>>> print(open('my_file-v7.txt').read())   # compact mmCIF, C-alpha atoms and all ligand atoms
# COMPACT_ATOMS: atom_id res chain seq x y z
CA MET A 7 0.00 0.00 0.00
CA LYS A 8 1.23 3.46 -0.86
CA LEU A 9 1.23 5.91 2.05
CA ILE A 10 0.72 9.57 1.18
CA VAL A 11 1.75 12.03 3.89
CA THR A 12 0.58 15.62 3.48
CA GLY A 13 1.46 18.28 6.02
CA SER A 14 4.05 20.74 7.21
CA ILE A 15 7.78 20.54 6.64
CA ALA A 16 9.64 22.80 9.07
CA PHE A 17 12.68 23.60 11.13
CA ASP A 18 12.54 24.33 14.83
CA TYR A 19 15.04 26.85 16.23
CA LEU A 20 15.04 26.36 19.97
CA MET A 21 16.85 28.78 22.24
CA SER A 22 17.29 28.92 25.99
CA PHE A 23 17.68 32.12 27.94
CA PRO A 24 19.40 31.61 31.29
CA GLY A 25 17.46 34.40 33.07
CA LYS A 26 13.80 35.36 33.47
CA PHE A 27 12.01 37.27 30.71
CA SER A 28 10.00 39.12 33.34
CA ASP A 29 13.17 40.77 34.71
CA HIS A 30 13.70 42.48 31.35
CA ILE A 31 10.22 43.60 30.43
CA ILE A 32 9.32 46.91 31.99
CA ALA A 33 5.62 47.12 32.74
CA ASP A 34 5.16 50.88 32.10
CA GLN A 35 7.06 50.69 28.79
CA LEU A 36 4.86 48.07 27.10
CA LYS A 37 3.98 50.54 24.34
CA ASN A 38 7.52 50.54 23.00
CA ILE A 39 9.05 47.20 23.78
CA SER A 40 12.59 46.73 22.59
CA VAL A 41 14.26 43.80 24.28
CA SER A 42 17.03 41.50 23.18
CA PHE A 43 17.76 38.32 25.09
CA LEU A 44 21.28 36.97 24.94
CA VAL A 45 20.78 33.22 24.63
CA ASP A 46 23.49 30.66 25.19
CA ASN A 47 21.93 27.73 23.39
CA LEU A 48 20.52 27.32 19.91
CA ASN A 49 19.28 24.00 18.65
CA ARG A 50 18.15 23.68 15.05
CA ARG A 51 15.99 20.65 14.51
CA ARG A 52 14.19 19.09 11.60
CA GLY A 53 10.48 18.89 12.10
CA GLY A 54 7.09 19.68 10.67
CA CYS A 55 4.29 17.14 11.10
CA ALA A 56 4.68 15.53 7.67
CA GLY A 57 8.47 15.47 8.05
CA ASN A 58 8.17 13.71 11.39
CA ILE A 59 5.59 11.22 10.15
CA VAL A 60 7.59 10.17 7.07
CA TYR A 61 10.76 9.89 9.16
CA SER A 62 9.31 7.22 11.48
CA LEU A 63 7.47 5.54 8.59
CA ALA A 64 10.82 5.10 6.85
CA LEU A 65 12.41 3.63 9.99
CA LEU A 66 9.49 1.19 10.09
CA GLY A 67 10.34 0.04 6.57
CA GLU A 68 7.74 1.95 4.56
CA LYS A 69 8.46 4.08 1.48
CA PRO A 70 6.08 7.01 2.07
CA LEU A 71 5.36 9.79 -0.39
CA LEU A 72 5.87 13.20 1.22
CA VAL A 73 3.51 15.93 -0.04
CA GLY A 74 4.33 19.45 1.11
CA SER A 75 6.35 22.54 0.33
CA ALA A 76 9.79 23.61 1.49
CA GLY A 77 12.24 26.41 0.81
CA GLN A 78 15.84 27.09 -0.18
CA ASP A 79 17.22 25.58 3.05
CA PHE A 80 15.66 22.13 2.55
CA SER A 81 18.37 20.33 0.57
CA ASP A 82 20.20 18.54 3.44
CA TYR A 83 16.94 17.65 5.14
CA GLY A 84 15.51 16.32 1.86
CA ARG A 85 18.66 14.39 0.99
CA ASP A 86 18.60 12.57 4.33
CA LEU A 87 14.90 11.71 4.02
CA ALA A 88 15.48 10.38 0.50
CA GLU A 89 18.37 8.26 1.77
CA ILE A 90 16.12 6.42 4.23
CA GLY A 91 13.49 5.75 1.57
CA VAL A 92 11.12 8.73 1.51
CA ASP A 93 9.76 9.66 -1.93
CA LEU A 94 10.19 13.42 -2.43
CA SER A 95 8.68 13.65 -5.90
CA MET A 96 5.65 15.61 -4.58
CA VAL A 97 7.63 18.11 -2.50
CA LYS A 98 7.32 21.58 -3.96
CA ILE A 99 10.52 23.58 -3.50
CA VAL A 100 10.14 27.38 -3.45
CA ASP A 101 13.65 28.80 -3.77
CA SER A 102 12.74 32.41 -2.99
CA VAL A 103 11.79 31.71 0.65
CA PHE A 104 12.87 29.63 3.63
CA THR A 105 11.21 26.48 4.86
CA ALA A 106 8.57 27.12 7.56
CA SER A 107 10.44 27.91 10.79
CA PHE A 108 9.47 27.89 14.44
CA PHE A 109 11.60 30.14 16.66
CA CYS A 110 11.18 29.56 20.35
CA ASN A 111 13.05 31.11 23.24
CA THR A 112 12.53 29.52 26.67
CA ASP A 113 13.62 31.20 29.91
CA SER A 114 14.78 29.64 33.17
CA GLU A 115 11.20 29.39 34.41
CA ASN A 116 9.92 27.67 31.26
CA ASN A 117 8.17 30.78 29.95
CA GLN A 118 8.26 30.89 26.17
CA ILE A 119 8.29 33.57 23.50
CA ALA A 120 7.81 32.05 20.09
CA SER A 121 7.17 32.99 16.47
CA PHE A 122 6.18 30.77 13.59
CA TYR A 123 7.25 31.83 10.12
CA THR A 124 5.07 30.19 7.46
CA GLY A 125 7.57 30.63 4.65
CA ALA A 126 7.32 28.00 1.96
CA MET A 127 4.41 26.29 3.72
CA GLN A 128 1.90 28.74 2.26
CA TYR A 129 2.64 27.27 -1.18
CA ALA A 130 1.39 23.84 -0.12
CA ARG A 131 -2.07 24.92 -1.28
CA GLU A 132 -0.79 24.85 -4.88
CA ILE A 133 -0.09 21.11 -4.81
CA ASP A 134 -2.76 18.92 -6.41
CA ILE A 135 -2.96 15.35 -5.14
CA ALA A 136 -5.74 14.21 -7.52
CA SER A 137 -3.29 12.17 -9.60
CA LEU A 138 -2.47 10.02 -6.56
CA ALA A 139 -5.85 8.28 -6.56
CA GLY A 140 -5.35 4.57 -7.05
CA GLU A 141 -6.03 1.03 -5.95
CA SER A 142 -4.14 0.76 -2.73
CA VAL A 143 -3.37 4.08 -1.09
CA LEU A 144 -3.90 5.71 2.28
CA ALA A 145 -3.34 9.43 2.83
CA ILE A 146 -2.96 11.47 5.98
CA ILE A 147 -3.86 15.14 6.12
CA SER A 148 -1.75 16.50 8.96
CA PRO A 149 -1.31 20.15 10.05
CA ASN A 150 -0.26 22.37 7.18
CA ASP A 151 -1.27 25.57 5.45
CA PRO A 152 -5.02 25.61 6.35
CA GLU A 153 -6.07 26.09 2.70
CA ALA A 154 -3.96 23.12 1.67
CA MET A 155 -5.67 20.99 4.31
CA VAL A 156 -9.13 21.91 3.07
CA ARG A 157 -8.11 21.35 -0.55
CA ASN A 158 -6.49 17.98 0.13
CA ALA A 159 -9.49 16.71 2.09
CA ARG A 160 -11.79 17.74 -0.73
CA THR A 161 -9.62 16.04 -3.34
CA CYS A 162 -9.49 12.85 -1.30
CA ARG A 163 -13.27 12.78 -1.07
CA GLU A 164 -13.80 13.55 -4.75
CA LYS A 165 -11.21 11.05 -5.98
CA GLY A 166 -12.01 8.33 -3.47
CA ILE A 167 -8.60 8.42 -1.78
CA PRO A 168 -9.02 6.97 1.74
CA PHE A 169 -7.71 9.50 4.23
CA ILE A 170 -6.86 10.09 7.85
CA TYR A 171 -7.85 13.57 8.99
CA ASP A 172 -5.38 14.87 11.59
CA PRO A 173 -6.11 18.57 12.23
CA SER A 174 -4.19 18.89 15.57
CA GLN A 175 -3.16 22.45 16.35
CA GLN A 176 -4.88 23.83 13.25
CA ILE A 177 -8.27 23.23 14.89
CA ALA A 178 -7.64 26.53 16.66
CA ARG A 179 -7.57 28.38 13.31
CA MET A 180 -10.52 26.71 11.61
CA ASP A 181 -14.19 27.33 12.17
CA GLY A 182 -16.73 24.58 12.82
CA ASP A 183 -17.98 24.44 9.23
CA ALA A 184 -14.48 24.07 7.78
CA LEU A 185 -13.71 21.31 10.29
CA VAL A 186 -16.87 19.37 9.47
CA ASP A 187 -16.30 19.93 5.78
CA SER A 188 -12.77 18.54 5.94
CA ALA A 189 -13.35 15.60 8.28
CA ARG A 190 -16.46 14.33 6.50
CA GLY A 191 -15.89 10.95 4.86
CA ALA A 192 -12.52 10.40 6.51
CA ARG A 193 -11.54 6.82 7.15
CA ILE A 194 -10.09 8.02 10.47
CA LEU A 195 -10.33 11.25 12.47
CA ILE A 196 -7.44 11.41 14.94
CA VAL A 197 -7.06 13.94 17.77
CA ASN A 198 -5.76 14.15 21.33
CA GLU A 199 -8.11 14.69 24.27
CA TYR A 200 -7.84 18.47 24.28
CA GLU A 201 -8.32 18.67 20.51
CA LEU A 202 -11.37 16.41 20.80
CA ALA A 203 -12.97 18.86 23.23
CA MET A 204 -12.12 21.82 20.98
CA PHE A 205 -13.40 19.99 17.88
CA LYS A 206 -16.72 19.24 19.59
CA LYS A 207 -17.07 22.76 20.91
CA LYS A 208 -16.44 24.36 17.51
CA THR A 209 -18.63 21.98 15.52
CA GLY A 210 -21.34 21.50 18.14
CA LEU A 211 -21.15 17.75 17.52
CA ASP A 212 -21.32 15.09 20.23
CA ASP A 213 -19.67 11.65 20.11
CA ALA A 214 -22.49 10.24 18.00
CA GLY A 215 -22.14 13.12 15.56
CA LEU A 216 -18.41 12.52 15.25
CA ALA A 217 -18.99 8.84 14.58
CA GLU A 218 -21.14 9.84 11.60
CA LEU A 219 -18.47 12.16 10.28
CA ALA A 220 -15.62 9.65 10.10
CA GLU A 221 -15.65 5.85 10.02
CA VAL A 222 -13.25 5.58 12.97
CA VAL A 223 -12.42 8.16 15.64
CA ILE A 224 -9.08 7.83 17.43
CA VAL A 225 -8.35 9.76 20.60
CA THR A 226 -4.79 9.72 21.95
CA LEU A 227 -4.66 10.12 25.72
CA GLY A 228 -0.96 10.75 26.39
CA GLU A 229 0.38 8.43 29.08
CA ARG A 230 -3.05 6.80 29.34
CA GLY A 231 -2.76 5.31 25.85
CA THR A 232 -5.20 5.52 22.98
CA GLU A 233 -8.87 4.89 22.38
CA ILE A 234 -9.85 3.61 18.93
CA ARG A 235 -13.59 4.09 18.47
CA LEU A 236 -14.86 1.72 15.79
CA ALA A 237 -18.51 1.64 14.76
CA GLU A 238 -19.13 -1.56 16.70
CA ARG A 239 -16.66 -1.43 19.61
CA ILE A 240 -13.91 0.52 21.32
CA VAL A 241 -10.33 -0.75 21.23
CA ASN A 242 -8.12 0.48 24.08
CA ILE A 243 -4.41 0.62 23.29
CA PRO A 244 -1.86 0.64 26.13
CA ILE A 245 1.35 2.65 26.07
CA ALA A 246 4.81 1.15 25.74
CA GLN A 247 6.56 2.19 28.97
CA PRO A 248 9.48 4.49 28.14
CA GLU A 249 12.88 3.87 29.75
CA LYS A 250 13.24 7.61 30.21
CA ILE A 251 11.39 10.71 29.02
CA LEU A 252 13.63 13.31 27.40
CA ASP A 253 11.37 15.32 25.13
CA PRO A 254 7.75 14.77 24.08
CA THR A 255 7.95 16.82 20.85
CA GLY A 256 6.65 14.72 17.99
CA VAL A 257 5.13 11.82 20.00
CA GLY A 258 1.77 12.31 18.35
CA ASP A 259 3.33 12.24 14.89
CA ALA A 260 5.26 9.06 15.63
CA PHE A 261 2.08 7.39 16.90
CA ARG A 262 0.51 8.13 13.51
CA SER A 263 3.50 6.60 11.70
CA GLY A 264 3.17 3.38 13.66
CA LEU A 265 -0.58 3.20 13.21
CA MET A 266 -0.28 3.75 9.45
CA THR A 267 2.41 1.09 9.15
CA GLY A 268 0.11 -1.45 10.77
CA LEU A 269 -2.88 -0.50 8.63
CA ALA A 270 -0.81 -0.46 5.41
CA ASN A 271 0.21 -4.04 6.13
CA GLY A 272 -3.33 -5.20 6.85
CA LEU A 273 -2.80 -5.68 10.60
CA SER A 274 -5.57 -5.44 13.21
CA TRP A 275 -6.43 -2.27 15.12
CA GLU A 276 -5.03 -3.87 18.27
CA THR A 277 -1.62 -4.45 16.70
CA SER A 278 -1.53 -1.27 14.60
CA GLY A 279 -2.29 0.82 17.68
CA ARG A 280 0.47 -0.88 19.67
CA ILE A 281 2.94 -0.24 16.84
CA GLY A 282 1.89 3.40 17.19
CA SER A 283 2.47 3.34 20.96
CA LEU A 284 5.97 1.92 20.60
CA ALA A 285 6.90 4.28 17.76
CA ALA A 286 5.83 7.17 20.05
CA THR A 287 7.91 5.85 22.94
CA TYR A 288 11.10 5.90 20.87
CA VAL A 289 10.49 9.63 20.29
CA LEU A 290 9.90 10.31 24.00
CA GLU A 291 13.25 8.76 24.81
CA THR A 292 15.26 11.11 22.59
CA ASP A 293 15.68 14.85 22.28
CA GLY A 294 13.78 16.07 19.21
CA PRO A 295 11.22 14.54 16.84
CA GLN A 296 13.74 12.99 14.41
CA SER A 297 16.69 12.01 16.62
CA HIS A 298 15.67 8.39 17.20
CA HIS A 299 16.99 5.45 15.21
CA TYR A 300 16.02 1.80 14.93
CA ASN A 301 15.59 -0.83 12.29
CA VAL A 302 12.55 -3.06 11.78
CA GLU A 303 14.23 -6.06 13.48
CA ASP A 304 14.99 -4.06 16.68
CA PHE A 305 11.49 -2.61 16.64
CA VAL A 306 9.76 -6.00 16.33
CA GLN A 307 12.01 -7.45 19.04
CA ARG A 308 11.11 -4.66 21.44
CA PHE A 309 7.44 -4.91 20.52
CA ILE A 310 7.45 -8.58 21.53
CA THR A 311 9.27 -7.79 24.79
CA VAL A 312 6.75 -5.06 25.66
CA PHE A 313 3.47 -6.48 24.40
CA GLY A 314 4.21 -10.20 24.02
CA GLY A 315 4.44 -12.38 20.92
CA ASN A 316 2.03 -11.74 18.11
CA ASP A 317 1.73 -13.39 14.70
CA GLU A 318 0.88 -10.10 13.10
CA VAL A 319 3.82 -7.94 14.08
CA VAL A 320 6.34 -10.43 12.68
CA GLN A 321 4.79 -9.79 9.27
CA LEU A 322 6.67 -6.50 9.31
CA LEU A 323 9.86 -8.54 8.91
CA GLU A 324 8.55 -10.30 5.84
CA ARG A 325 8.01 -7.39 3.50
N1 LIG B 401 4.24 9.62 28.87
C1 LIG B 401 4.03 8.74 27.89
N2 LIG B 401 4.47 7.47 28.01
C2 LIG B 401 4.28 6.58 27.02
N3 LIG B 401 3.65 6.83 25.86
C3 LIG B 401 3.17 8.06 25.68
C4 LIG B 401 3.34 9.09 26.67
N4 LIG B 401 2.79 10.22 26.18
C5 LIG B 401 2.29 9.91 24.96
N5 LIG B 401 2.52 8.61 24.66
C6 LIG B 401 2.10 7.90 23.43
O1 LIG B 401 1.96 8.81 22.37
C7 LIG B 401 0.58 8.86 21.92
C8 LIG B 401 0.24 10.28 21.55
O2 LIG B 401 0.41 11.09 22.69
P1 LIG B 401 -0.50 12.39 22.98
O3 LIG B 401 -1.90 11.97 23.19
O4 LIG B 401 0.22 13.12 24.07
O5 LIG B 401 -0.38 13.14 21.56
P2 LIG B 401 -0.30 14.68 21.24
O6 LIG B 401 -0.88 15.47 22.38
O7 LIG B 401 -0.89 14.85 19.91
O8 LIG B 401 1.28 14.91 21.18
P3 LIG B 401 2.08 16.07 20.45
O9 LIG B 401 2.73 16.81 21.58
O10 LIG B 401 3.07 15.34 19.62
O11 LIG B 401 1.12 16.88 19.67
C9 LIG B 401 -0.21 8.31 23.08
O12 LIG B 401 -1.44 7.77 22.63
C10 LIG B 401 0.74 7.25 23.64
O13 LIG B 401 0.69 6.08 22.87
MG MG B 402 -0.49 16.35 18.52
>>> encode(input="my_file-v7.txt", output="structure tokens")
Amino acid sequence: MKLIVTGSIAFDYLMSFPGKFSDHIIADQLKNISVSFLVDNLNRRRGGCAGNIVYSLALLGEKPLLVGSAGQDFSDYGRDLAEIGVDLSMVKIVDSVFTASFFCNTDSENNQIASFYTGAMQYAREIDIASLAGESVLAIISPNDPEAMVRNARTCREKGIPFIYDPSQQIARMDGDALVDSARGARILIVNEYELAMFKKKTGLDDAGLAELAEVVIVTLGERGTEIRLAERIVNIPIAQPEKILDPTGVGDAFRSGLMTGLANGLSWETSGRIGSLAATYVLETDGPQSHHYNVEDFVQRFITVFGGNDEVVQLLER
């Protein structure tokens, strides 16, 4: 099965300021703020939801197609993704701008001042995925330029491309009608608990209404695991206990990679969800959303240690 991953491609620039922001912001001068924080740490990381999802998919042995837009600074990032098996033929490169960038400065008390530069991401709306319709495909629509998300969902519906609708943080920017319009007909709607509440509030739908919108609704519950709501029953997926927790950035994306790998190989919801849990745990144990490494053999071995033997998961070794 061909996996199509649409969504953002970005860099994260993470800085840490050793003092407190509040010591440098003068309350009666808020009308003309001019502050510069001398930071002693800058970490530049590869990210973006689609970038993170294809990264773990490739580690899991899939050859996903990345659909998104990136700028003049993408070449090293793209080269490394291609090397691990990601198909970049649908990445639109816009040389006149930079790849979407998230700049975040964190002070000693964990306060944050951040900016997100859209950059090349706004061109994602120009990509047409209609030609990707085919026999055996599964697409995911993950956070991206909001117009691109709406367009891609519409194309999937019109062309009969089965899709996972994954609005995440973009729920905040979309109104109820746009959300309903995009999620309608999805094979899966996936959100975390907070996003579920926001989705319901904006659309006015209850659980029954959501179940009519998408065939399957998946709610990730952080350290409490995942609930997969099928039409006829609910499947509860446990977590894979991490050895340590370094950084949660990108756990949700990695869960999606694992889930999609299971589904692409025809595995059950029970096993696909557990593959998602373990893929997420690898991300928790490292610093950054694409700093983890494993091969399929290691992954299957650890899966069996954590969840016990299973005829299905060993099929991942036989591709
Ligand atoms: N503390 C944890 N220990 C083990 N597994 C976890 C933990 N937190 C999250 N996970 C796994 O990751 C999945 C997704 O986590 P969560 O519900 O926090 O997603 P999210 O809020 O979308 O994350 P993100 O910060 O990436 O947006 C969970 O369903 C679970 O399998
Ligand atoms: Mg998330």
>>> closest_residue(input="my_file-v7.txt", among="A:Ser148, A:Asn111, A:Asn58, A:Thr287", to="ligand LIG 401 (chain B)", atoms="all atoms listed in the file")
A:Thr287
>>> closest_residue(input="my_file-v7.txt", among="A:Arg325, A:His299, A:Arg235, A:Lys69", to="Val222 in chain A", atoms="only C-alpha atoms")
A:Arg235
>>> residues_around(input="my_file-v7.txt", residues="Val225 in chain A", least_positions_apart="2", cutoff="12 Å", atoms="all atoms listed in the file", output="PDB file with C-alpha atoms, in the coordinates of the input")
ATOM      1  CA  ASP A 172      -5.380  14.870  11.590  1.00  0.00           C
ATOM      2  CA  SER A 174      -4.190  18.890  15.570  1.00  0.00           C
ATOM      3  CA  ILE A 194     -10.090   8.020  10.470  1.00  0.00           C
ATOM      4  CA  LEU A 195     -10.330  11.250  12.470  1.00  0.00           C
ATOM      5  CA  ILE A 196      -7.440  11.410  14.940  1.00  0.00           C
ATOM      6  CA  VAL A 197      -7.060  13.940  17.770  1.00  0.00           C
ATOM      7  CA  ASN A 198      -5.760  14.150  21.330  1.00  0.00           C
ATOM      8  CA  GLU A 199      -8.110  14.690  24.270  1.00  0.00           C
ATOM      9  CA  TYR A 200      -7.840  18.470  24.280  1.00  0.00           C
ATOM     10  CA  GLU A 201      -8.320  18.670  20.510  1.00  0.00           C
ATOM     11  CA  LEU A 202     -11.370  16.410  20.800  1.00  0.00           C
ATOM     12  CA  ALA A 203     -12.970  18.860  23.230  1.00  0.00           C
ATOM     13  CA  PHE A 205     -13.400  19.990  17.880  1.00  0.00           C
ATOM     14  CA  ASP A 213     -19.670  11.650  20.110  1.00  0.00           C
ATOM     15  CA  LEU A 216     -18.410  12.520  15.250  1.00  0.00           C
ATOM     16  CA  VAL A 222     -13.250   5.580  12.970  1.00  0.00           C
ATOM     17  CA  VAL A 223     -12.420   8.160  15.640  1.00  0.00           C
ATOM     18  CA  LEU A 227      -4.660  10.120  25.720  1.00  0.00           C
ATOM     19  CA  GLY A 228      -0.960  10.750  26.390  1.00  0.00           C
ATOM     20  CA  ARG A 230      -3.050   6.800  29.340  1.00  0.00           C
ATOM     21  CA  GLY A 231      -2.760   5.310  25.850  1.00  0.00           C
ATOM     22  CA  THR A 232      -5.200   5.520  22.980  1.00  0.00           C
ATOM     23  CA  GLU A 233      -8.870   4.890  22.380  1.00  0.00           C
ATOM     24  CA  ILE A 234      -9.850   3.610  18.930  1.00  0.00           C
ATOM     25  CA  ARG A 235     -13.590   4.090  18.470  1.00  0.00           C
ATOM     26  CA  LEU A 236     -14.860   1.720  15.790  1.00  0.00           C
ATOM     27  CA  ILE A 240     -13.910   0.520  21.320  1.00  0.00           C
ATOM     28  CA  VAL A 241     -10.330  -0.750  21.230  1.00  0.00           C
ATOM     29  CA  ASN A 242      -8.120   0.480  24.080  1.00  0.00           C
ATOM     30  CA  ILE A 243      -4.410   0.620  23.290  1.00  0.00           C
ATOM     31  CA  GLY A 258       1.770  12.310  18.350  1.00  0.00           C
ATOM     32  CA  PHE A 261       2.080   7.390  16.900  1.00  0.00           C
ATOM     33  CA  ARG A 262       0.510   8.130  13.510  1.00  0.00           C
ATOM     34  CA  GLY A 279      -2.290   0.820  17.680  1.00  0.00           C
TER      35      GLY A 279
END
>>> closest_residue(input="my_file-v7.txt", among="A:Arg85, A:Lys26, A:Lys8, A:Arg179", to="Ser142 in chain A", atoms="all atoms listed in the file")
A:Lys8
>>> axis_aligned_box(input="my_file-v7.txt", around="range 186-199 of chain A", padding_each_side="4 Å", output="lines of an AutoDock Vina configuration file")
center_x = -11.3
center_y = 13.4
center_z = 14.6
size_x = 19.1
size_y = 21.1
size_z = 27.4
>>> atom_distance(input="my_file-v7.txt", atom1="CA of Gly125 in chain A", atom2="CA of Ser62 in chain A")
24.4 Å
>>> residues_around(input="my_file-v7.txt", residues="Phe43 in chain A", least_positions_apart="2", cutoff="8 Å", atoms="all atoms listed in the file", output="PyMOL selection string")
chain A and resi 23+41+45
>>> residues_around(input="my_file-v7.txt", residues="Tyr19 in chain A", least_positions_apart="4", cutoff="6 Å", atoms="only C-alpha atoms", output="PyMOL selection string")
chain A and resi 49-50+108-109
>>> write_last_selection(input="my_file-v7.txt", atoms="C-alpha atoms", output="PDB file, keeping the file's coordinate frame")
ATOM      1  CA  ASN A  49      19.280  24.000  18.650  1.00  0.00           C
ATOM      2  CA  ARG A  50      18.150  23.680  15.050  1.00  0.00           C
ATOM      3  CA  PHE A 108       9.470  27.890  14.440  1.00  0.00           C
ATOM      4  CA  PHE A 109      11.600  30.140  16.660  1.00  0.00           C
TER       5      PHE A 109
END
>>> residues_near_point(input="my_file-v7.txt", point="(10.4, 3.3, 7.7)", cutoff="9 Å", atoms="only C-alpha atoms", output="list in words")
Val60, Tyr61, Ser62, Leu63, Ala64, Leu65, Leu66, Gly67, Glu68, Lys69, Pro70, Ile90, Gly91, Val92, Ser263, Thr267, Asn301 and Val302 of chain A
>>> write_last_selection(input="my_file-v7.txt", atoms="C-alpha atoms", output="PDB file, keeping the file's coordinate frame")
ATOM      1  CA  VAL A  60       7.590  10.170   7.070  1.00  0.00           C
ATOM      2  CA  TYR A  61      10.760   9.890   9.160  1.00  0.00           C
ATOM      3  CA  SER A  62       9.310   7.220  11.480  1.00  0.00           C
ATOM      4  CA  LEU A  63       7.470   5.540   8.590  1.00  0.00           C
ATOM      5  CA  ALA A  64      10.820   5.100   6.850  1.00  0.00           C
ATOM      6  CA  LEU A  65      12.410   3.630   9.990  1.00  0.00           C
ATOM      7  CA  LEU A  66       9.490   1.190  10.090  1.00  0.00           C
ATOM      8  CA  GLY A  67      10.340   0.040   6.570  1.00  0.00           C
ATOM      9  CA  GLU A  68       7.740   1.950   4.560  1.00  0.00           C
ATOM     10  CA  LYS A  69       8.460   4.080   1.480  1.00  0.00           C
ATOM     11  CA  PRO A  70       6.080   7.010   2.070  1.00  0.00           C
ATOM     12  CA  ILE A  90      16.120   6.420   4.230  1.00  0.00           C
ATOM     13  CA  GLY A  91      13.490   5.750   1.570  1.00  0.00           C
ATOM     14  CA  VAL A  92      11.120   8.730   1.510  1.00  0.00           C
ATOM     15  CA  SER A 263       3.500   6.600  11.700  1.00  0.00           C
ATOM     16  CA  THR A 267       2.410   1.090   9.150  1.00  0.00           C
ATOM     17  CA  ASN A 301      15.590  -0.830  12.290  1.00  0.00           C
ATOM     18  CA  VAL A 302      12.550  -3.060  11.780  1.00  0.00           C
TER      19      VAL A 302
END
>>> closest_residue(input="my_file-v7.txt", among="A:Gln128, A:Gln78, A:Ser297, A:Gln176", to="ligand MG 402 (chain B)", atoms="only C-alpha atoms and all ligand atoms")
A:Gln176
>>> residues_around(input="my_file-v7.txt", residues="range 303-313 of chain A", least_positions_apart="3", cutoff="9 Å", atoms="all atoms listed in the file", output="tab-separated table (two decimals) with C-alpha atoms, in the coordinates of the input")
chain	number	residue	atom	x	y	z
A	66	LEU	CA	9.49	1.19	10.09
A	246	ALA	CA	4.81	1.15	25.74
A	247	GLN	CA	6.56	2.19	28.97
A	280	ARG	CA	0.47	-0.88	19.67
A	281	ILE	CA	2.94	-0.24	16.84
A	284	LEU	CA	5.97	1.92	20.60
A	285	ALA	CA	6.90	4.28	17.76
A	300	TYR	CA	16.02	1.80	14.93
A	316	ASN	CA	2.03	-11.74	18.11
A	319	VAL	CA	3.82	-7.94	14.08
A	320	VAL	CA	6.34	-10.43	12.68
A	322	LEU	CA	6.67	-6.50	9.31
A	323	LEU	CA	9.86	-8.54	8.91
>>> atom_distance(input="my_file-v7.txt", atom1="atom N4 of ligand LIG 401 (chain B)", atom2="CA of Pro295 in chain A")
13.3 Å
>>> residues_around(input="my_file-v7.txt", residues="Ala184 in chain A", least_positions_apart="3", cutoff="10 Å", atoms="all atoms listed in the file", output="PDB file with C-alpha atoms, keeping the file's coordinate frame")
ATOM      1  CA  PRO A 152      -5.020  25.610   6.350  1.00  0.00           C
ATOM      2  CA  MET A 155      -5.670  20.990   4.310  1.00  0.00           C
ATOM      3  CA  VAL A 156      -9.130  21.910   3.070  1.00  0.00           C
ATOM      4  CA  ILE A 177      -8.270  23.230  14.890  1.00  0.00           C
ATOM      5  CA  ARG A 179      -7.570  28.380  13.310  1.00  0.00           C
ATOM      6  CA  MET A 180     -10.520  26.710  11.610  1.00  0.00           C
ATOM      7  CA  ASP A 181     -14.190  27.330  12.170  1.00  0.00           C
ATOM      8  CA  ASP A 187     -16.300  19.930   5.780  1.00  0.00           C
ATOM      9  CA  SER A 188     -12.770  18.540   5.940  1.00  0.00           C
ATOM     10  CA  ALA A 189     -13.350  15.600   8.280  1.00  0.00           C
ATOM     11  CA  LYS A 208     -16.440  24.360  17.510  1.00  0.00           C
ATOM     12  CA  THR A 209     -18.630  21.980  15.520  1.00  0.00           C
TER      13      THR A 209
END
>>> closest_residue(input="my_file-v7.txt", among="A:His30, A:His298, A:Lys250, A:Lys207", to="ligand LIG 401 (chain B)", atoms="only C-alpha atoms and all ligand atoms")
A:Lys250
>>> closest_residue(input="my_file-v7.txt", among="A:Tyr129, A:Phe17, A:Phe27, A:Tyr288", to="ligand LIG 401 (chain B)", atoms="all atoms listed in the file")
A:Tyr288
>>> atom_distance(input="my_file-v7.txt", atom1="atom C10 of ligand LIG 401 (chain B)", atom2="CA of Gly294 in chain A")
16.4 Å
>>> residues_near_point(input="my_file-v7.txt", point="(6.7, 25.3, 26.1)", cutoff="12 Å", atoms="all atoms listed in the file", output="list of chain:residue names")
A:Leu20, A:Met21, A:Ser22, A:Phe109, A:Cys110, A:Asn111, A:Thr112, A:Asp113, A:Ser114, A:Glu115, A:Asn116, A:Asn117, A:Gln118, A:Ile119, A:Ala120, A:Asp253, A:Pro254, A:Thr255
>>> decode(input="my_file-v7.txt", residues="range 68-82 of chain A", atoms="C-alpha atoms", output="PDB file, in the first residue's frame")
ATOM      1  CA  GLU A  68       7.742   1.953   4.562  1.00  0.00           C
ATOM      2  CA  LYS A  69       8.459   4.079   1.477  1.00  0.00           C
ATOM      3  CA  PRO A  70       6.080   7.007   2.070  1.00  0.00           C
ATOM      4  CA  LEU A  71       5.355   9.791  -0.385  1.00  0.00           C
ATOM      5  CA  LEU A  72       5.870  13.202   1.220  1.00  0.00           C
ATOM      6  CA  VAL A  73       3.508  15.927  -0.035  1.00  0.00           C
ATOM      7  CA  GLY A  74       4.334  19.446   1.106  1.00  0.00           C
ATOM      8  CA  SER A  75       6.350  22.538   0.332  1.00  0.00           C
ATOM      9  CA  ALA A  76       9.795  23.609   1.486  1.00  0.00           C
ATOM     10  CA  GLY A  77      12.244  26.415   0.812  1.00  0.00           C
ATOM     11  CA  GLN A  78      15.844  27.089  -0.183  1.00  0.00           C
ATOM     12  CA  ASP A  79      17.224  25.578   3.047  1.00  0.00           C
ATOM     13  CA  PHE A  80      15.658  22.127   2.551  1.00  0.00           C
ATOM     14  CA  SER A  81      18.372  20.331   0.568  1.00  0.00           C
ATOM     15  CA  ASP A  82      20.202  18.540   3.439  1.00  0.00           C
TER      16      ASP A  82
END
